[in-house]
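To start, the structure under review is shown below, and the notes come after it.
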Amino acid sequence: MSARWTRSAALLLTGAVALLAAGCGIRGTSVPVDAGAAPSRASCRTPESERAAEGMDRVSVRIYLLCSSRILSVSRTTRQDDEKTSREPVRVAQALLEQLRLPPTAAEASAGFSTAVEDWVEISGPAKGDPDSALRLNRPPEEIQSLALAQIVCTFADTTVAGDDGKVVLGGPDSQRDPLKAYQCTEEMRRNPMIAVNSGVLVS
């Protein structure tokens with residue numbers, strides 16, 4: 001078989017492919033086509049097994065976890081605190097924060113949930129001169145990852161931690177340098193938790 005015949009056959013084959021592509025309305029391109037991100041397989045549905053019934057020493061709590069670039073509430077059961085301390089906002093906040101720091105359960109992870117709240121994040125009660133509803137993080141809120149801050153704000157918002165207006169008042173560890181800011185868990189924040197870090201309003 002001659003080299004000339006081989007080149008001719010290759011040219012004919014290339015032409016046939018081009019004609020087929022033209023007939024199908026497909027334009028040839030020399031660069032990859034970005035078809036967008038692959039669809040997420042995360043169901044973002046809390047498995048029924050996670051919604052365990054409350055017992056004598058167990059209580060159901062709701063926290064916000066990440067799933068598909070948004071935050072959604074999930075239900076967990078935890079050991080019930082004694083009647084005296086369970087009503088103190090700072091103890092409630094610390095218990096909820098502990099849940100946020102825990103890795104997702106196997107069922108939550110399978111549904112696509114994760115958490116951005118790291119182990120080093122801690123919270124304490126108001127400093128001297130702060131409003132009673134204020135809470136102090138061990139870092140200024142704006143230094144915490146926005147996804148984690150959104151989880152914290154929305155988890156606290158529906159509890160005794162928040163004020164009557166549903167706002168969560170947070171500040172950093174230094175009451176002299178870290179002003180308090182009020183955060184509100186809005187629908188926009190739940191859809192786009194990246195806005196949380198810039199959503200605080202200074203508390204006068």
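Each chain in the structure tokens gets a letter, A, B and so on, in the order shown; residues start at 1 in every chain, and ligands are counted from 1 in the order they appear.
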Shell around segment 106-123 of chain A at 6 Å using only C-alpha atoms, local window under 5 positions removed, as an MDAnalysis selection string: chainID A and resid 42:44 65:67 101 136:138 148
Could you give me the residues within segment 89-203 of chain A that DSSP places in strand (DSSP E), as a PyMOL selection string? chain A and resi 123-124+135-137+167-171+181-184+201-202
Give me the segment 123-151 of chain A side of the contact with segment 193-197 of chain A, cut-off 6 Å, one line per residue showing its nearest atom pair and distance in Å at one decimal, counting only C-alpha atoms, sorted by chain and residue number, as CSV.
residue,atom,partner,partner_atom,distance
A:Glu142,CA,A:Val197,CA,5.3
A:Ser146,CA,A:Val197,CA,4.9
A:Leu147,CA,A:Pro193,CA,5.3
A:Ala150,CA,A:Ala196,CA,5.3
Restricting the output to C-alpha atoms, write the selected residues as a short mmCIF file (atom, residue, chain, number, x, y, z; two decimals), in the first residue's frame.
data_model
loop_
_atom_site.label_atom_id
_atom_site.label_comp_id
_atom_site.auth_asym_id
_atom_site.auth_seq_id
_atom_site.Cartn_x
_atom_site.Cartn_y
_atom_site.Cartn_z
CA GLU A 142 -15.37 38.94 60.08
CA SER A 146 -18.41 33.29 55.89
CA LEU A 147 -19.94 29.83 55.39
CA ALA A 150 -23.86 31.78 58.28
#
Which neighbours of Ser175 of chain A fall inside 10 Å, counting only C-alpha atoms, when residues of the same chain fewer than 3 positions from it are skipped, and could you give them as a PyMOL selection string? chain A and resi 126-130+136+171-172+178-180
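Closest approach to Ala134 of chain A among A:Cys154, A:Val203, A:Val92, A:Met189 is made by A:Val203 (distances from only C-alpha atoms).
Restricting the calculation to only C-alpha atoms, the smallest distance between Glu187 of chain A and any of A:Ile71, A:Asp158, A:Pro104, A:Val168 is found for A:Ile71.
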Distance query Val201 of chain A at most 8 Å, only C-alpha atoms, self and fewer than 2 positions along chain excluded, as a count of residues only: 5
